[in-house]
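Peer 1: Please find one structure pasted underneath; my questions will follow.
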Amino acid sequence: MSPRRSAAEARATRMKIIGRATEIASEEGLEGVTIGRLASELEMSKSGVLGHFGTKESLQAATLDDAFEDFWRRVVDSTAQHPPGLTRTRALCENSVLFLSTIELPGGCLLTAASSEFDGRPGLVRDAVAERWTRWRGRLGEELRTAVAAGELPADFDAEQAVFEIIAVGLALNQDLQLHRDRAAADRARRAIRRILAG
């Protein structure tokens with residue numbers, strides 16, 4: 001077997017493990033993701049799974065990473081064509097609403113679920129969750145401050161408060177979609193965000 005083929009097969013196996021881990025985590029939380037369970041369900045040895053990740057915590061962090069990369073690609077990267085400031089902020093918010101309301105995971109947004117699951121637990125996974133939420137909050141804040149500097153929002157517009165409220169809308173949207181199956185939730189979220197950005 002050539003080294004190139006071996007590396008490709010290793011990547012494919014790693015992605016298969018992460019794919020199943022993501023499905024489990026979406027429904028049961030990241031704590032449901034264990035080496036033994038994945039080895040059994042994927043008909044692999046425990047050492048085969050460990051060889052890709054090393055520890056359960058590293059596997060959980062990799063699962064979170066994969067979910068965040070998908071979120072960032074669909075929500076943030078796709079706004080690159082919009083001018084910075086208020087227009088891009090609106091696109092980011094709309095993309096986040098679409099992401100939450102069209103996500104195909106059985107238990108909804110893994111990032112949102114993980115924020116509640118690990119917010120009070122110290123350790124590698126909690127740090128990974130916090131870092132990814134900090135990146136998202138930071139991106140929103142950056143665009144809002146750009147909008148203020150450009151005069152698109154009032155000079156006294158509180159960007160940090162707006163970020164807090166936009167994040168809160170996203171959390172409420174995910175809950176209404178998953179817990180209450182509220183079909184009107186996405187439109188409610190859009191109305192709330194419009195009010196926040198009205199200045």
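Every chain in the structure tokens takes a letter, A first, then B, and so on in the order presented; its residues are numbered from 1, and the ligands are numbered from 1 following the presented order.
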If we count only C-alpha atoms and set the cut-off at 12 Å, which residues sit around Gly123 (chain A), ignoring sequence neighbours fewer than 4 positions away in its own chain? Please answer as an MDAnalysis selection string.

Peer 2: chainID A and resid 57:58 60:61 118:119 127:130

Peer 1: Could the residues in this selection be written to a file with C-alpha atoms, as an mmCIF file, in the first residue's frame?

Peer 2:
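Result written to again.cif:
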```cif
data_model
loop_
_atom_site.group_PDB
_atom_site.id
_atom_site.type_symbol
_atom_site.label_atom_id
_atom_site.label_comp_id
_atom_site.auth_asym_id
_atom_site.auth_seq_id
_atom_site.Cartn_x
_atom_site.Cartn_y
_atom_site.Cartn_z
ATOM 1 C CA GLU A 57 -11.480 14.362 25.410
ATOM 2 C CA SER A 58 -9.477 14.789 22.200
ATOM 3 C CA GLN A 60 -14.868 15.141 21.810
ATOM 4 C CA ALA A 61 -12.855 18.266 20.928
ATOM 5 C CA PHE A 118 -19.833 22.129 29.377
ATOM 6 C CA ASP A 119 -20.235 25.710 30.608
ATOM 7 C CA ASP A 127 -12.001 25.337 26.828
ATOM 8 C CA ALA A 128 -12.648 24.259 23.234
ATOM 9 C CA VAL A 129 -16.329 25.198 23.511
ATOM 10 C CA ALA A 130 -15.486 28.595 25.017
#
```

Peer 1: List as a ChimeraX atom specification the protein and nucleic acid residues near Ile166 (chain A), meaning an atom at most 12 Å away when only C-alpha atoms are counted, but skip any in the same chain fewer than 6 places from it.

Peer 2: /A:89-90,92-94,96-97,136-137,140-141,144,159-160,172-173,189-197

Peer 1: Generate the output file for the selected residues, N, CA and C atoms, as a PDB file, in the first residue's frame.

Peer 2:
```
ATOM      1  N   THR A  89     -23.005  42.268   8.866  1.00  0.00           N
ATOM      2  CA  THR A  89     -23.614  41.836  10.127  1.00  0.00           C
ATOM      3  C   THR A  89     -24.978  41.212   9.871  1.00  0.00           C
ATOM      4  N   ARG A  90     -25.774  41.866   9.044  1.00  0.00           N
ATOM      5  CA  ARG A  90     -27.096  41.330   8.720  1.00  0.00           C
ATOM      6  C   ARG A  90     -26.976  39.969   8.034  1.00  0.00           C
ATOM      7  N   LEU A  92     -24.482  37.825   8.374  1.00  0.00           N
ATOM      8  CA  LEU A  92     -24.060  36.865   9.398  1.00  0.00           C
ATOM      9  C   LEU A  92     -25.251  36.385  10.218  1.00  0.00           C
ATOM     10  N   CYS A  93     -26.087  37.327  10.608  1.00  0.00           N
ATOM     11  CA  CYS A  93     -27.252  36.975  11.429  1.00  0.00           C
ATOM     12  C   CYS A  93     -28.236  36.126  10.648  1.00  0.00           C
ATOM     13  N   GLU A  94     -28.491  36.489   9.397  1.00  0.00           N
ATOM     14  CA  GLU A  94     -29.408  35.692   8.581  1.00  0.00           C
ATOM     15  C   GLU A  94     -28.854  34.283   8.364  1.00  0.00           C
ATOM     16  N   SER A  96     -26.888  32.668  10.328  1.00  0.00           N
ATOM     17  CA  SER A  96     -26.967  31.907  11.580  1.00  0.00           C
ATOM     18  C   SER A  96     -28.379  31.400  11.822  1.00  0.00           C
ATOM     19  N   VAL A  97     -29.383  32.190  11.470  1.00  0.00           N
ATOM     20  CA  VAL A  97     -30.774  31.742  11.582  1.00  0.00           C
ATOM     21  C   VAL A  97     -31.024  30.573  10.641  1.00  0.00           C
ATOM     22  N   TRP A 136     -16.956  33.419  17.495  1.00  0.00           N
ATOM     23  CA  TRP A 136     -18.207  33.871  16.887  1.00  0.00           C
ATOM     24  C   TRP A 136     -18.637  35.220  17.451  1.00  0.00           C
ATOM     25  N   ARG A 137     -18.577  35.350  18.764  1.00  0.00           N
ATOM     26  CA  ARG A 137     -18.923  36.629  19.382  1.00  0.00           C
ATOM     27  C   ARG A 137     -17.991  37.738  18.895  1.00  0.00           C
ATOM     28  N   LEU A 140     -18.934  38.932  15.334  1.00  0.00           N
ATOM     29  CA  LEU A 140     -20.094  39.817  15.366  1.00  0.00           C
ATOM     30  C   LEU A 140     -19.711  41.207  15.886  1.00  0.00           C
ATOM     31  N   GLY A 141     -18.960  41.230  16.982  1.00  0.00           N
ATOM     32  CA  GLY A 141     -18.551  42.509  17.559  1.00  0.00           C
ATOM     33  C   GLY A 141     -17.707  43.332  16.605  1.00  0.00           C
ATOM     34  N   LEU A 144     -19.975  44.898  13.988  1.00  0.00           N
ATOM     35  CA  LEU A 144     -20.798  45.960  14.569  1.00  0.00           C
ATOM     36  C   LEU A 144     -19.973  47.216  14.843  1.00  0.00           C
ATOM     37  N   ALA A 159     -22.156  47.956  20.997  1.00  0.00           N
ATOM     38  CA  ALA A 159     -21.889  46.745  20.215  1.00  0.00           C
ATOM     39  C   ALA A 159     -21.869  45.499  21.092  1.00  0.00           C
ATOM     40  N   GLU A 160     -21.289  45.604  22.279  1.00  0.00           N
ATOM     41  CA  GLU A 160     -21.220  44.431  23.155  1.00  0.00           C
ATOM     42  C   GLU A 160     -22.603  43.981  23.615  1.00  0.00           C
ATOM     43  N   ALA A 172     -32.239  31.024  21.961  1.00  0.00           N
ATOM     44  CA  ALA A 172     -33.693  30.877  22.058  1.00  0.00           C
ATOM     45  C   ALA A 172     -34.255  30.206  20.813  1.00  0.00           C
ATOM     46  N   LEU A 173     -33.711  30.554  19.656  1.00  0.00           N
ATOM     47  CA  LEU A 173     -34.164  29.942  18.410  1.00  0.00           C
ATOM     48  C   LEU A 173     -33.916  28.440  18.430  1.00  0.00           C
ATOM     49  N   ALA A 189     -36.972  35.074  15.399  1.00  0.00           N
ATOM     50  CA  ALA A 189     -35.556  35.412  15.555  1.00  0.00           C
ATOM     51  C   ALA A 189     -35.172  36.558  14.625  1.00  0.00           C
ATOM     52  N   ARG A 190     -35.647  36.500  13.395  1.00  0.00           N
ATOM     53  CA  ARG A 190     -35.328  37.573  12.441  1.00  0.00           C
ATOM     54  C   ARG A 190     -35.879  38.915  12.923  1.00  0.00           C
ATOM     55  N   ARG A 191     -37.108  38.918  13.441  1.00  0.00           N
ATOM     56  CA  ARG A 191     -37.697  40.169  13.938  1.00  0.00           C
ATOM     57  C   ARG A 191     -36.901  40.705  15.115  1.00  0.00           C
ATOM     58  N   ALA A 192     -36.481  39.817  16.004  1.00  0.00           N
ATOM     59  CA  ALA A 192     -35.692  40.250  17.165  1.00  0.00           C
ATOM     60  C   ALA A 192     -34.371  40.856  16.724  1.00  0.00           C
ATOM     61  N   ILE A 193     -33.714  40.232  15.757  1.00  0.00           N
ATOM     62  CA  ILE A 193     -32.424  40.742  15.284  1.00  0.00           C
ATOM     63  C   ILE A 193     -32.594  42.087  14.591  1.00  0.00           C
ATOM     64  N   ARG A 194     -33.661  42.240  13.831  1.00  0.00           N
ATOM     65  CA  ARG A 194     -33.901  43.549  13.191  1.00  0.00           C
ATOM     66  C   ARG A 194     -34.038  44.651  14.233  1.00  0.00           C
ATOM     67  N   ARG A 195     -34.717  44.354  15.327  1.00  0.00           N
ATOM     68  CA  ARG A 195     -34.858  45.359  16.385  1.00  0.00           C
ATOM     69  C   ARG A 195     -33.510  45.678  17.021  1.00  0.00           C
ATOM     70  N   ILE A 196     -32.709  44.662  17.237  1.00  0.00           N
ATOM     71  CA  ILE A 196     -31.379  44.865  17.840  1.00  0.00           C
ATOM     72  C   ILE A 196     -30.530  45.767  16.957  1.00  0.00           C
ATOM     73  N   LEU A 197     -30.571  45.525  15.642  1.00  0.00           N
ATOM     74  CA  LEU A 197     -29.711  46.272  14.719  1.00  0.00           C
ATOM     75  C   LEU A 197     -30.297  47.615  14.301  1.00  0.00           C
TER      76      LEU A 197
END
```

Peer 1: Separation of CA of Arg183 (chain A) and CA of Leu98 (chain A), in Å?

Peer 2: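 Answer for the CA of Arg183 (chain A) to CA of Leu98 (chain A) separation: 12.8 Å.
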
Peer 1: When distances are computed from only C-alpha atoms, which of A:Ser101, A:Pro154, A:Thr34, A:Glu9 shows the smallest separation from Asp187 (chain A)?

Peer 2: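 For Asp187 (chain A), the nearest of the candidates is A:Ser101.
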
Peer 1: DSSP on the backbone: which residues in region 8-114 of chain A end up as helix (DSSP H, G or I)? Give the answer as number ranges by chain.

Peer 2: A: 8-28, 30-32, 35-41, 46-53, 56-79, 86-102, 110-114

Peer 1: List as a list in words the protein and nucleic acid residues near Lys56 (chain A), meaning an atom at most 12 Å away when only C-alpha atoms are counted, but skip any in the same chain fewer than 6 places from it.

Peer 2: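 Non-adjacent residues within range: Ile18, Ala21, Leu30, Glu31, Gly32, Val33, Thr34, Ile35, Gly36, Arg37, Leu38, Ala39, Lys46, Ser47, Val49, Leu50, Ala62, Thr63, Leu124 and Val125 of chain A.
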
Peer 1: With N, CA and C atoms kept, could you save the residues just selected as an mmCIF file, in the first residue's frame?

Peer 2:
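Final output, saved to result11.cif:
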```
data_model
loop_
_atom_site.group_PDB
_atom_site.id
_atom_site.type_symbol
_atom_site.label_atom_id
_atom_site.label_comp_id
_atom_site.auth_asym_id
_atom_site.auth_seq_id
_atom_site.Cartn_x
_atom_site.Cartn_y
_atom_site.Cartn_z
ATOM 1 N N ILE A 18 -15.648 10.715 13.316
ATOM 2 C CA ILE A 18 -16.185 12.023 13.703
ATOM 3 C C ILE A 18 -17.640 12.163 13.268
ATOM 4 N N ALA A 21 -19.671 10.299 15.722
ATOM 5 C CA ALA A 21 -19.580 10.999 17.008
ATOM 6 C C ALA A 21 -20.469 12.245 17.006
ATOM 7 N N LEU A 30 -21.949 15.612 24.135
ATOM 8 C CA LEU A 30 -20.596 15.119 23.878
ATOM 9 C C LEU A 30 -20.180 14.036 24.869
ATOM 10 N N GLU A 31 -20.784 14.022 26.052
ATOM 11 C CA GLU A 31 -20.453 12.971 27.010
ATOM 12 C C GLU A 31 -20.894 11.593 26.515
ATOM 13 N N GLY A 32 -21.820 11.562 25.569
ATOM 14 C CA GLY A 32 -22.232 10.296 24.980
ATOM 15 C C GLY A 32 -21.218 9.739 23.996
ATOM 16 N N VAL A 33 -20.240 10.557 23.651
ATOM 17 C CA VAL A 33 -19.198 10.148 22.703
ATOM 18 C C VAL A 33 -18.065 9.483 23.479
ATOM 19 N N THR A 34 -17.947 8.175 23.346
ATOM 20 C CA THR A 34 -16.886 7.435 24.032
ATOM 21 C C THR A 34 -16.145 6.555 23.040
ATOM 22 N N ILE A 35 -14.912 6.233 23.397
ATOM 23 C CA ILE A 35 -14.085 5.387 22.546
ATOM 24 C C ILE A 35 -14.738 4.015 22.364
ATOM 25 N N GLY A 36 -15.186 3.406 23.468
ATOM 26 C CA GLY A 36 -15.770 2.078 23.414
ATOM 27 C C GLY A 36 -17.020 2.019 22.562
ATOM 28 N N ARG A 37 -17.888 3.009 22.712
ATOM 29 C CA ARG A 37 -19.132 3.018 21.942
ATOM 30 C C ARG A 37 -18.849 3.141 20.448
ATOM 31 N N LEU A 38 -17.954 4.046 20.085
ATOM 32 C CA LEU A 38 -17.647 4.231 18.670
ATOM 33 C C LEU A 38 -16.974 3.001 18.083
ATOM 34 N N ALA A 39 -16.078 2.407 18.854
ATOM 35 C CA ALA A 39 -15.417 1.191 18.380
ATOM 36 C C ALA A 39 -16.454 0.104 18.105
ATOM 37 N N LYS A 46 -10.882 -0.681 19.988
ATOM 38 C CA LYS A 46 -10.692 0.547 20.770
ATOM 39 C C LYS A 46 -9.370 1.205 20.427
ATOM 40 N N SER A 47 -8.347 0.393 20.251
ATOM 41 C CA SER A 47 -7.039 0.951 19.918
ATOM 42 C C SER A 47 -7.061 1.619 18.544
ATOM 43 N N VAL A 49 -9.635 3.273 17.290
ATOM 44 C CA VAL A 49 -10.226 4.604 17.492
ATOM 45 C C VAL A 49 -9.241 5.504 18.232
ATOM 46 N N LEU A 50 -8.633 4.979 19.287
ATOM 47 C CA LEU A 50 -7.669 5.769 20.065
ATOM 48 C C LEU A 50 -6.504 6.233 19.213
ATOM 49 N N ALA A 62 -12.376 17.118 18.817
ATOM 50 C CA ALA A 62 -12.340 16.996 17.364
ATOM 51 C C ALA A 62 -13.748 17.005 16.784
ATOM 52 N N THR A 63 -14.679 16.388 17.482
ATOM 53 C CA THR A 63 -16.081 16.393 17.059
ATOM 54 C C THR A 63 -16.631 17.816 17.081
ATOM 55 N N LEU A 124 -10.378 20.355 28.907
ATOM 56 C CA LEU A 124 -10.075 20.560 27.490
ATOM 57 C C LEU A 124 -11.317 20.857 26.668
ATOM 58 N N VAL A 125 -12.379 20.111 26.880
ATOM 59 C CA VAL A 125 -13.567 20.278 26.047
ATOM 60 C C VAL A 125 -14.258 21.604 26.359
#
```
